[in-house]
Each structure stands twice: as C-alpha cells, then as structure tokens.
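File shown here: target_2.cif, holding mmCIF, C-alpha atoms.
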data_target
#
loop_
_atom_site.group_PDB
_atom_site.id
_atom_site.type_symbol
_atom_site.label_atom_id
_atom_site.label_comp_id
_atom_site.auth_asym_id
_atom_site.auth_seq_id
_atom_site.Cartn_x
_atom_site.Cartn_y
_atom_site.Cartn_z
ATOM 1 C CA MET A 1 0.000 0.000 0.000
ATOM 2 C CA PHE A 2 1.179 3.515 -0.848
ATOM 3 C CA GLN A 3 0.425 4.884 2.637
ATOM 4 C CA GLN A 4 2.555 2.161 4.213
ATOM 5 C CA THR A 5 5.573 3.025 2.054
ATOM 6 C CA PHE A 6 5.289 6.823 1.711
ATOM 7 C CA LYS A 7 4.910 8.902 4.864
ATOM 8 C CA ASN A 8 4.714 12.632 5.609
ATOM 9 C CA PHE A 9 4.356 13.811 2.018
ATOM 10 C CA ASN A 10 4.488 17.627 1.797
ATOM 11 C CA ILE A 11 4.488 20.258 -0.922
ATOM 12 C CA ASN A 12 6.368 23.297 0.383
ATOM 13 C CA PHE A 13 6.393 26.695 -1.365
ATOM 14 C CA ASN A 14 8.887 29.530 -1.158
ATOM 15 C CA ARG A 15 6.490 32.376 -0.411
ATOM 16 C CA LEU A 16 6.670 35.411 -2.681
ATOM 17 C CA ASN A 17 4.642 37.638 -0.382
ATOM 18 C CA ALA A 18 2.861 37.744 2.955
ATOM 19 C CA GLU A 19 -0.434 36.663 1.360
ATOM 20 C CA ASN A 20 1.190 33.591 -0.226
ATOM 21 C CA SER A 21 -0.470 34.519 -3.516
ATOM 22 C CA TYR A 22 0.582 34.275 -7.154
ATOM 23 C CA SER A 23 -0.154 36.260 -10.303
ATOM 24 C CA SER A 24 0.545 35.812 -14.000
ATOM 25 C CA GLY A 25 4.241 35.676 -14.796
ATOM 26 C CA ASP A 26 5.305 34.731 -11.257
ATOM 27 C CA LEU A 27 7.928 32.071 -10.648
ATOM 28 C CA ILE A 28 6.737 29.268 -8.358
ATOM 29 C CA THR A 29 9.517 27.590 -6.417
ATOM 30 C CA GLY A 30 9.622 25.146 -3.552
ATOM 31 C CA HIS A 31 10.287 21.524 -2.755
ATOM 32 C CA ILE A 32 8.500 18.269 -2.079
ATOM 33 C CA SER A 33 9.477 16.013 0.800
ATOM 34 C CA PHE A 34 8.464 12.541 1.971
ATOM 35 C CA ASP A 35 9.702 9.626 4.044
ATOM 36 C CA LEU A 36 10.139 6.098 2.724
ATOM 37 C CA THR A 37 9.775 3.098 5.001
ATOM 38 C CA LYS A 38 11.520 0.736 2.570
ATOM 39 C CA GLU A 39 13.528 0.655 -0.631
ATOM 40 C CA THR A 40 11.242 1.808 -3.470
ATOM 41 C CA LYS A 41 11.458 1.961 -7.258
ATOM 42 C CA ILE A 42 10.287 5.202 -8.879
ATOM 43 C CA THR A 43 9.531 5.595 -12.577
ATOM 44 C CA SER A 44 9.175 9.372 -12.266
ATOM 45 C CA ILE A 45 7.873 12.223 -10.130
ATOM 46 C CA THR A 46 5.976 14.761 -12.195
ATOM 47 C CA MET A 47 4.440 18.167 -11.623
ATOM 48 C CA ALA A 48 1.483 19.860 -13.323
ATOM 49 C CA VAL A 49 0.217 23.418 -12.813
ATOM 50 C CA LYS A 50 -3.280 24.079 -14.134
ATOM 51 C CA GLY A 51 -5.751 26.927 -14.210
ATOM 52 C CA LYS A 52 -9.387 26.647 -15.255
ATOM 53 C CA ALA A 53 -12.883 28.040 -14.769
ATOM 54 C CA ASP A 54 -15.892 25.772 -14.458
ATOM 55 C CA VAL A 55 -19.624 26.518 -14.093
ATOM 56 C CA HIS A 56 -22.589 24.184 -13.730
ATOM 57 C CA TRP A 57 -26.244 24.393 -12.716
ATOM 58 C CA SER A 58 -29.570 22.696 -13.349
ATOM 59 C CA SER A 59 -33.107 23.862 -14.055
ATOM 60 C CA GLY A 60 -36.455 22.108 -13.870
ATOM 61 C CA SER A 61 -37.864 19.776 -11.253
ATOM 62 C CA GLY A 62 -36.884 16.559 -12.964
ATOM 63 C CA GLY A 63 -40.094 14.927 -11.694
ATOM 64 C CA LYS A 64 -42.417 12.621 -13.580
ATOM 65 C CA ASN A 65 -43.887 15.398 -15.690
ATOM 66 C CA GLY A 66 -40.952 17.779 -15.513
ATOM 67 C CA GLN A 67 -37.797 17.985 -17.529
ATOM 68 C CA ARG A 68 -34.481 18.630 -15.809
ATOM 69 C CA ARG A 69 -31.808 20.381 -17.850
ATOM 70 C CA ASN A 70 -28.145 20.633 -16.943
ATOM 71 C CA TYR A 71 -25.865 23.492 -17.948
ATOM 72 C CA HIS A 72 -22.085 23.360 -17.964
ATOM 73 C CA ALA A 73 -19.153 25.306 -19.348
ATOM 74 C CA GLU A 74 -15.407 25.179 -18.825
ATOM 75 C CA VAL A 75 -12.480 27.401 -19.772
ATOM 76 C CA LYS A 76 -8.889 26.161 -19.493
ATOM 77 C CA TYR A 77 -6.243 28.853 -19.020
ATOM 78 C CA PHE A 78 -3.058 26.801 -18.939
ATOM 79 C CA ASP A 79 -1.770 23.281 -18.278
ATOM 80 C CA LEU A 80 1.961 23.206 -17.571
ATOM 81 C CA LYS A 81 3.890 19.985 -17.016
ATOM 82 C CA ALA A 82 7.384 19.302 -15.693
ATOM 83 C CA VAL A 83 9.426 16.396 -14.355
ATOM 84 C CA ILE A 84 10.903 16.554 -10.856
ATOM 85 C CA VAL A 85 12.532 13.095 -10.899
ATOM 86 C CA ALA A 86 13.031 11.459 -14.301
ATOM 87 C CA GLU A 87 13.613 7.904 -15.399
ATOM 88 C CA ASN A 88 17.220 7.087 -16.274
ATOM 89 C CA VAL A 89 17.045 7.646 -20.028
ATOM 90 C CA ALA A 90 20.476 6.148 -20.721
ATOM 91 C CA THR A 91 19.720 2.806 -19.105
ATOM 92 C CA GLY A 92 15.906 2.847 -19.181
ATOM 93 C CA ARG A 93 15.934 1.801 -15.554
ATOM 94 C CA THR A 94 13.780 3.078 -12.769
ATOM 95 C CA THR A 95 15.207 5.146 -9.937
ATOM 96 C CA GLN A 96 15.865 3.207 -6.755
ATOM 97 C CA LEU A 97 15.150 5.219 -3.602
ATOM 98 C CA GLN A 98 16.449 4.129 -0.213
ATOM 99 C CA PRO A 99 14.489 4.263 3.073
ATOM 100 C CA GLY A 100 14.591 7.645 4.829
ATOM 101 C CA THR A 101 13.683 11.246 4.073
ATOM 102 C CA HIS A 102 13.786 12.515 0.484
ATOM 103 C CA MET A 103 13.547 16.116 -0.714
ATOM 104 C CA TYR A 104 13.354 17.451 -4.290
ATOM 105 C CA PRO A 105 13.158 21.079 -5.424
ATOM 106 C CA PHE A 106 10.774 22.268 -8.127
ATOM 107 C CA THR A 107 10.257 25.437 -10.137
ATOM 108 C CA CYS A 108 7.584 26.607 -12.563
ATOM 109 C CA GLN A 109 7.074 29.869 -14.450
ATOM 110 C CA LEU A 110 3.424 30.907 -14.679
ATOM 111 C CA PRO A 111 2.483 32.220 -18.117
ATOM 112 C CA HIS A 112 1.726 35.879 -18.722
ATOM 113 C CA GLY A 113 -1.903 36.620 -19.412
ATOM 114 C CA ASP A 114 -5.098 38.252 -18.205
ATOM 115 C CA PHE A 115 -6.234 35.423 -15.933
ATOM 116 C CA PRO A 116 -9.058 35.856 -13.373
ATOM 117 C CA ALA A 117 -8.577 35.476 -9.632
ATOM 118 C CA SER A 118 -9.250 32.280 -7.694
ATOM 119 C CA PHE A 119 -12.939 31.974 -6.861
ATOM 120 C CA LYS A 120 -15.522 29.527 -5.475
ATOM 121 C CA GLY A 121 -19.187 30.464 -5.807
ATOM 122 C CA ALA A 122 -22.730 29.168 -5.852
ATOM 123 C CA HIS A 123 -22.587 27.609 -9.329
ATOM 124 C CA GLY A 124 -18.966 27.677 -10.389
ATOM 125 C CA LYS A 125 -15.331 28.192 -9.513
ATOM 126 C CA ILE A 126 -11.979 29.354 -10.828
ATOM 127 C CA VAL A 127 -9.214 27.121 -9.528
ATOM 128 C CA TYR A 128 -5.439 27.047 -9.943
ATOM 129 C CA THR A 129 -3.730 23.854 -8.793
ATOM 130 C CA LEU A 130 -0.290 22.318 -8.496
ATOM 131 C CA THR A 131 -0.311 18.512 -8.722
ATOM 132 C CA VAL A 132 2.622 16.261 -7.894
ATOM 133 C CA GLY A 133 2.365 12.722 -9.279
ATOM 134 C CA ILE A 134 4.438 9.787 -8.069
ATOM 135 C CA ASN A 135 4.730 7.036 -10.680
ATOM 136 C CA ARG A 136 5.952 3.527 -9.797
ATOM 137 C CA PRO A 137 6.275 0.384 -11.902
ATOM 138 C CA TRP A 138 3.108 -1.703 -11.910
ATOM 139 C CA HIS A 139 1.253 0.801 -9.758
ATOM 140 C CA MET A 140 -1.353 3.458 -10.398
ATOM 141 C CA SER A 141 -0.002 6.989 -10.260
ATOM 142 C CA LYS A 142 -0.506 8.674 -6.875
ATOM 143 C CA ASP A 143 -1.370 12.381 -7.162
ATOM 144 C CA PHE A 144 -1.094 15.091 -4.516
ATOM 145 C CA VAL A 145 -3.029 18.261 -5.302
ATOM 146 C CA THR A 146 -2.744 21.677 -3.665
ATOM 147 C CA GLU A 147 -4.571 24.870 -4.658
ATOM 148 C CA LEU A 148 -2.772 28.108 -5.449
ATOM 149 C CA ASN A 149 -4.105 31.460 -4.260
ATOM 150 C CA PHE A 150 -4.140 33.310 -7.575
ATOM 151 C CA VAL A 151 -4.898 37.037 -7.816
ATOM 152 C CA SER A 152 -5.257 39.140 -10.954
ATOM 153 C CA ARG A 153 -2.847 41.926 -11.666
ATOM 154 C CA MET A 154 -4.791 45.189 -11.671
ATOM 155 C CA ASN A 155 -3.719 48.648 -12.775
ATOM 156 C CA THR A 156 -4.502 50.568 -9.594
ATOM 157 C CA ASN A 157 -3.309 53.830 -11.122
ATOM 158 C CA LEU A 158 -6.498 54.292 -13.132
ATOM 159 C CA PRO A 159 -8.022 57.604 -11.955
ATOM 160 C CA GLU A 160 -11.603 56.329 -12.191
ATOM 161 C CA LEU A 161 -10.903 53.871 -9.364
ATOM 162 C CA TRP A 162 -10.193 56.657 -6.889
ATOM 163 C CA TYR A 163 -12.730 59.304 -7.899
ATOM 164 C CA PRO A 164 -15.884 59.650 -5.758
ATOM 165 C CA LEU A 165 -19.025 57.882 -6.989
ATOM 166 C CA SER A 166 -22.494 59.350 -6.582
ATOM 167 C CA GLY A 167 -26.045 58.841 -7.755
ATOM 168 C CA THR A 168 -29.361 60.639 -7.374
ATOM 169 C CA ASN A 169 -32.956 59.484 -7.589
ATOM 170 C CA THR A 170 -36.257 61.329 -7.092
ATOM 171 C CA MET A 171 -39.902 60.382 -6.835
ATOM 172 C CA THR A 172 -43.212 62.108 -6.152
ATOM 173 C CA LEU A 173 -45.993 60.355 -4.269
ATOM 174 C CA CYS A 174 -49.593 60.631 -5.386
ATOM 175 C CA CYS A 175 -52.724 59.840 -3.375
ATOM 176 C CA LEU A 176 -55.938 60.085 -5.391
ATOM 177 C CA TRP A 177 -55.999 63.679 -6.760
ATOM 178 C CA CYS A 178 -53.324 64.985 -4.366
ATOM 179 C CA ALA A 179 -49.580 64.932 -4.927
ATOM 180 C CA SER A 180 -47.124 65.387 -2.090
ATOM 181 C CA GLY A 181 -43.786 67.091 -2.454
ATOM 182 C CA PRO A 182 -40.859 65.196 -4.009
ATOM 183 C CA ILE A 183 -38.433 62.888 -2.226
ATOM 184 C CA THR A 184 -34.825 63.124 -3.400
ATOM 185 C CA LEU A 185 -31.959 60.820 -2.436
ATOM 186 C CA THR A 186 -28.325 61.473 -3.279
ATOM 187 C CA ALA A 187 -25.767 58.867 -2.193
ATOM 188 C CA ALA A 188 -21.989 59.028 -2.649
ATOM 189 C CA ALA A 189 -18.955 56.841 -1.917
ATOM 190 C CA GLU A 190 -15.449 58.245 -1.534
ATOM 191 C CA LYS A 191 -13.987 55.937 -4.231
ATOM 192 C CA LYS A 192 -14.741 52.890 -6.364
ATOM 193 C CA ALA A 193 -11.910 50.463 -5.501
ATOM 194 C CA PHE A 194 -11.728 48.669 -2.165
ATOM 195 C CA SER A 195 -10.099 45.608 -0.651
ATOM 196 C CA PRO A 196 -11.750 42.866 1.435
ATOM 197 C CA GLY A 197 -11.870 43.969 5.064
ATOM 198 C CA GLU A 198 -12.115 47.693 4.253
ATOM 199 C CA THR A 199 -14.983 49.887 5.424
ATOM 200 C CA VAL A 200 -16.945 51.948 2.900
ATOM 201 C CA LYS A 201 -18.301 55.326 3.971
ATOM 202 C CA ILE A 202 -21.545 56.299 2.241
ATOM 203 C CA ILE A 203 -22.746 59.893 2.493
ATOM 204 C CA CYS A 204 -26.471 60.471 1.928
ATOM 205 C CA ASN A 205 -28.291 63.741 1.375
ATOM 206 C CA ILE A 206 -32.058 63.462 1.600
ATOM 207 C CA GLN A 207 -34.822 65.917 0.782
ATOM 208 C CA ASN A 208 -38.175 64.769 2.162
ATOM 209 C CA SER A 209 -40.864 67.178 1.004
ATOM 210 C CA SER A 210 -43.534 64.502 1.367
ATOM 211 C CA SER A 211 -45.931 63.658 4.168
ATOM 212 C CA ARG A 212 -44.386 60.202 4.638
ATOM 213 C CA THR A 213 -41.773 58.899 7.078
ATOM 214 C CA LEU A 214 -38.614 57.578 5.409
ATOM 215 C CA THR A 215 -36.144 54.983 6.686
ATOM 216 C CA PRO A 216 -32.684 54.684 5.068
ATOM 217 C CA LYS A 217 -31.297 51.176 4.621
ATOM 218 C CA LEU A 218 -28.019 50.225 2.945
ATOM 219 C CA LYS A 219 -26.954 46.787 1.703
ATOM 220 C CA LEU A 220 -23.685 45.453 0.326
ATOM 221 C CA GLN A 221 -24.462 42.768 -2.242
ATOM 222 C CA VAL A 222 -22.366 40.400 -4.310
ATOM 223 C CA LYS A 223 -23.786 39.385 -7.680
ATOM 224 C CA GLN A 224 -22.394 36.223 -9.265
ATOM 225 C CA THR A 225 -23.317 35.616 -12.908
ATOM 226 C CA PHE A 226 -22.612 32.250 -14.522
ATOM 227 C CA TYR A 227 -22.738 31.696 -18.288
ATOM 228 C CA THR A 228 -22.542 28.844 -20.716
ATOM 229 C CA HIS A 229 -20.318 29.380 -23.765
ATOM 230 C CA ASN A 230 -21.252 32.339 -25.967
ATOM 231 C CA LYS A 231 -23.522 33.435 -23.085
ATOM 232 C CA ALA A 232 -26.333 31.284 -24.474
ATOM 233 C CA SER A 233 -27.701 30.693 -20.963
ATOM 234 C CA LYS A 234 -26.997 32.280 -17.607
ATOM 235 C CA LYS A 235 -27.637 31.860 -13.900
ATOM 236 C CA ILE A 236 -27.551 34.742 -11.406
ATOM 237 C CA PHE A 237 -26.912 34.461 -7.686
ATOM 238 C CA VAL A 238 -27.193 37.486 -5.374
ATOM 239 C CA LYS A 239 -26.241 37.532 -1.704
ATOM 240 C CA ASN A 240 -26.349 40.257 0.953
ATOM 241 C CA LEU A 241 -22.992 40.551 2.721
ATOM 242 C CA ASN A 242 -23.718 43.414 5.123
ATOM 243 C CA SER A 243 -26.432 45.951 5.885
ATOM 244 C CA VAL A 244 -27.127 48.961 8.077
ATOM 245 C CA THR A 245 -30.347 50.828 8.875
ATOM 246 C CA GLY A 246 -30.507 54.533 9.681
ATOM 247 C CA GLU A 247 -32.810 56.628 11.846
ATOM 248 C CA PRO A 248 -36.296 57.434 10.484
ATOM 249 C CA ILE A 249 -36.678 60.741 8.652
ATOM 250 C CA SER A 250 -39.810 62.652 9.514
ATOM 251 C CA PRO A 251 -42.176 64.238 6.953
ATOM 252 C CA ASP A 252 -41.176 67.606 5.488
ATOM 253 C CA ALA A 253 -37.564 67.155 6.663
ATOM 254 C CA LEU A 254 -35.256 69.043 4.298
ATOM 255 C CA ASP A 255 -31.480 68.930 3.882
ATOM 256 C CA VAL A 256 -30.969 65.733 5.905
ATOM 257 C CA HIS A 257 -27.315 64.668 5.922
ATOM 258 C CA ALA A 258 -26.386 61.153 7.066
ATOM 259 C CA GLU A 259 -23.224 59.041 6.946
ATOM 260 C CA PHE A 260 -23.162 55.246 7.002
ATOM 261 C CA MET A 261 -20.313 52.755 7.346
ATOM 262 C CA LEU A 262 -20.435 49.364 5.613
ATOM 263 C CA THR A 263 -17.616 46.915 6.297
ATOM 264 C CA ILE A 264 -16.666 44.536 3.501
ATOM 265 C CA PRO A 265 -16.129 41.009 4.900
ATOM 266 C CA SER A 266 -12.479 40.021 4.859
ATOM 267 C CA SER A 267 -13.556 36.693 3.321
ATOM 268 C CA ALA A 268 -15.148 38.391 0.286
ATOM 269 C CA SER A 269 -13.766 37.213 -3.051
ATOM 270 C CA LEU A 270 -12.286 39.640 -5.547
ATOM 271 C CA SER A 271 -14.252 41.204 -8.389
ATOM 272 C CA ILE A 272 -14.044 39.223 -11.636
ATOM 273 C CA SER A 273 -14.676 40.819 -15.019
ATOM 274 C CA ASN A 274 -12.124 38.990 -17.181
ATOM 275 C CA CYS A 275 -13.740 35.541 -17.351
ATOM 276 C CA SER A 276 -16.048 34.663 -20.240
ATOM 277 C CA ILE A 277 -18.244 32.302 -18.189
ATOM 278 C CA LEU A 278 -18.197 33.857 -14.723
ATOM 279 C CA LEU A 279 -18.569 37.415 -13.399
ATOM 280 C CA VAL A 280 -18.433 38.713 -9.817
ATOM 281 C CA ASP A 281 -19.780 42.215 -9.141
ATOM 282 C CA TYR A 282 -20.319 44.199 -5.951
ATOM 283 C CA ILE A 283 -23.093 46.744 -5.461
ATOM 284 C CA ILE A 284 -24.025 48.999 -2.568
ATOM 285 C CA GLU A 285 -27.791 49.431 -2.642
ATOM 286 C CA VAL A 286 -29.015 52.572 -0.865
ATOM 287 C CA ASN A 287 -32.764 52.437 -0.181
ATOM 288 C CA LEU A 288 -35.232 54.852 1.297
ATOM 289 C CA LYS A 289 -38.088 52.815 2.752
ATOM 290 C CA VAL A 290 -41.243 54.854 2.207
ATOM 291 C CA SER A 291 -44.464 54.185 4.134
ATOM 292 C CA SER A 292 -47.057 52.554 1.850
ATOM 293 C CA ALA A 293 -44.998 53.237 -1.278
ATOM 294 C CA PRO A 294 -42.174 51.694 -3.339
ATOM 295 C CA ASP A 295 -38.591 52.175 -2.183
ATOM 296 C CA LEU A 296 -36.437 54.939 -3.586
ATOM 297 C CA THR A 297 -33.112 53.383 -4.588
ATOM 298 C CA VAL A 298 -29.611 54.467 -5.641
ATOM 299 C CA LEU A 299 -27.063 51.826 -6.705
ATOM 300 C CA ILE A 300 -23.312 52.331 -6.232
ATOM 301 C CA PRO A 301 -21.088 49.729 -7.959
ATOM 302 C CA ILE A 302 -17.697 49.096 -6.356
ATOM 303 C CA ILE A 303 -14.696 46.914 -7.227
ATOM 304 C CA LEU A 304 -12.833 44.594 -4.869
ATOM 305 C CA PHE A 305 -9.176 44.003 -5.628
ATOM 306 C CA SER A 306 -6.334 42.415 -3.701
ATOM 307 C CA ASN A 307 -4.415 44.308 -1.086
ATOM 308 C CA PRO A 308 -1.086 45.668 -2.304
ATOM 309 C CA ILE A 309 1.188 42.654 -2.344
ATOM 310 C CA GLN A 310 3.800 42.900 0.406
ATOM 311 C CA PRO A 311 6.967 41.018 -0.561
ATOM 312 C CA ILE A 312 8.699 38.807 1.947
ATOM 313 C CA ARG A 313 11.720 40.567 3.400
ATOM 314 C CA GLU A 314 14.862 38.568 3.774
#
Turn the structure described in the file into structure tokens.
Amino acid sequence: MFQQTFKNFNINFNRLNAENSYSSGDLITGHISFDLTKETKITSITMAVKGKADVHWSSGSGGKNGQRRNYHAEVKYFDLKAVIVAENVATGRTTQLQPGTHMYPFTCQLPHGDFPASFKGAHGKIVYTLTVGINRPWHMSKDFVTELNFVSRMNTNLPELWYPLSGTNTMTLCCLWCASGPITLTAAAEKKAFSPGETVKIICNIQNSSSRTLTPKLKLQVKQTFYTHNKASKKIFVKNLNSVTGEPISPDALDVHAEFMLTIPSSASLSISNCSILLVDYIIEVNLKVSSAPDLTVLIPIILFSNPIQPIRE
C-alpha cells in the first residue's frame, strides 16, 4: 500500500509575499518532501500546474412530468507539465530510492496573461492547482493536489478607481388627486476600488418634502453571474454581505445629511470581469423605505481588488 511506504508527504512553497499569492508571470519555487519506510522503485515524479474556470447548474424539477436540464461550461487557461525526478534515459531503468527522508526542489514559471482570480461560488469556480504525481512500476499513479491562491494583476493607477461615486434618484408620491412634495436621495462613496476587510463610507443627502416617514437602509451585495459558452444561458446568484439601517426621517424634513459605514467582509472574493463564463460584481444598494410606497433606490457599484502585495523581506 502507498500509505505504508510513503509517509509525511508535503508540498512546500517559497512564499513570494505575505499573502502567499501568485499572479501571471510569477515564478513558483519550492520543494516536495516525503519519508520512505523501505527501498522503493520510482519511474518518475511529475508536476502539473493548471488553471481553469468551471460553471454548472440545473433547471427544472426533474419529476415525472418535468424535464431537468443541466448546464455546464469550462475554460482552461493553462496546463503546464514538468518532471521533478526522471527515469534514467540512458539505461531505461527506474530510480531506486532508499528508506529515509527525500527532498526534491521544483520550479515553474506561470504564463503571462489576463487570468481571473481564484474563486468559489454558488454555481462555479476558478481554480489554480499544483499537482505532484508519483509514478511507480506496476502501480497506479498517486497524485497530490494543492490549490494556489491566484490574484489578478490590476492597474490601480487608473483615476476612475479613486474618484468619488455618486447617484441621485427622485420620486413624487400621489394619493388620489393629491400629490405630495418630491423625495430626493443622493448617495456618494469616496472611491470605487476597495479591498476585502475595508470599510466603505456612504454619504447620503435626503430631501423629504412629502408627508411620509422615510427609513434609510443600505446593503452590500455580491452578484455572481454564470454563463454557458457564448452566453447562451446564464444563472444569477445574489447575496447580501452586510447591511445597516438609519434613523427614520420625519415628513417635510429638508437637507438631511447622514453618513453610514459598511464593512466589507475580509472573506469576500475579488471582483471578476475577465472571465467569459463567470462574473463577480459588488453593489451597494441605498434604499429609502417609504411608508405605503415603493422604495427609492440608488445603486453604487464598487470593485474589490487584492491588497497591495507585500513582498517577503529577507
């Protein structure tokens, strides 16, 4: 049995930064280590680094009178292969390893490209993996898989990421032949780009010329959109990540100024816009709850990107 012969198998990485993350073009280095309990023949030890996106969902009940339909799409970004321990080409013989601890270094250059960040969602995922395979004569290959934390390189110098965002919406309430004064909501964020764990300050200016009481409520939402190829079909998943409710605003209250703080969960995934089958968007929804009337809403889209990568200091 493999587990009786190989003990304490580990894949160890030389960290490039404090987040232990990788981006396109990075050089992955490290070593594998394991203990052998007896003399063992090895055909080869191989390494594969892969990146791919995968989405899948179903529709329909699938019951006796219903039809269940499955949707699936996959995009492969790269599939790199290398050999850590090779067969003796000159003699064609396998490598004979003695009992004890063995350690082998590895290195792999990630390709340059506009690849999306690692992600796991409701109906799909983007995964980057490093697989080490141990091949022995007359045995099935034994694979060890570890996931890489991949982040997209983003040009954070774009001015539009740091300019304030604002939106305004107005409505007038009618009751039979009477019309009350207008309600106006203006909401603004200090910038567009944030990182997981940051707090967003939203400034609201409200004009309530109506006879109704208003209640401000803010929500941070993530919207995940999954597509089949050529966007022939899609599935949307929306989740509230955080919310805050303000104090009620009385009728005929003018020039109301309010500030709200929404913290982005540190576990939130990064925004994804560079994948053909999977998008991840973040929206701050600012609502005025109006008594016996529809909400008045302003939407503020934001972008989540990785924290500035801090290199490991020697």
>> When you count all atoms listed in the file, which of these residues is closest to Leu218 of chain A: A:Gly246, A:Pro99, A:Pro137, A:Pro196?
In response: A:Gly246
> Excluding same-chain residues fewer than 4 positions from segment 74-83 of chain A, what lies within 8 Å of it counting all atoms listed in the file, as number ranges by chain?
Replying inline: A: 44-55, 108, 111, 115, 277
> Once the PyMOL selection byres ((chain A and resi 29-41) around 8) has been applied to the shown file, what residues remain in the selection, as a ChimeraX atom specification?
Replying inline: /A:4-14,27-28,42-43,94-108,136-137
>> Here's the selection I'm unsure about, the PyMOL selection byres ((chain A and resi 162) around 10); applied to the file above, which residues does it give, as a list in words?
In response: Thr156, Asn157, Leu158, Pro159, Glu160, Leu161, Tyr163, Pro164, Leu165, Glu190, Lys191, Lys192, Ala193 and Phe194 of chain A
>> Once the PyMOL selection byres ((chain A and resi 265) around 6) is applied to the coordinates I shared, what remains selected? I want it as a PyMOL selection string.
In response: chain A and resi 196-197+264+266-268
Residues just named, written with C-alpha atoms as a JSON list (two decimals), keeping the file's coordinate frame:
[["chain", "number", "residue", "atom", "x", "y", "z"],
["A", 196, "PRO", "CA", -11.75, 42.87, 1.44],
["A", 197, "GLY", "CA", -11.87, 43.97, 5.06],
["A", 264, "ILE", "CA", -16.67, 44.54, 3.50],
["A", 266, "SER", "CA", -12.48, 40.02, 4.86],
["A", 267, "SER", "CA", -13.56, 36.69, 3.32],
["A", 268, "ALA", "CA", -15.15, 38.39, 0.29]]
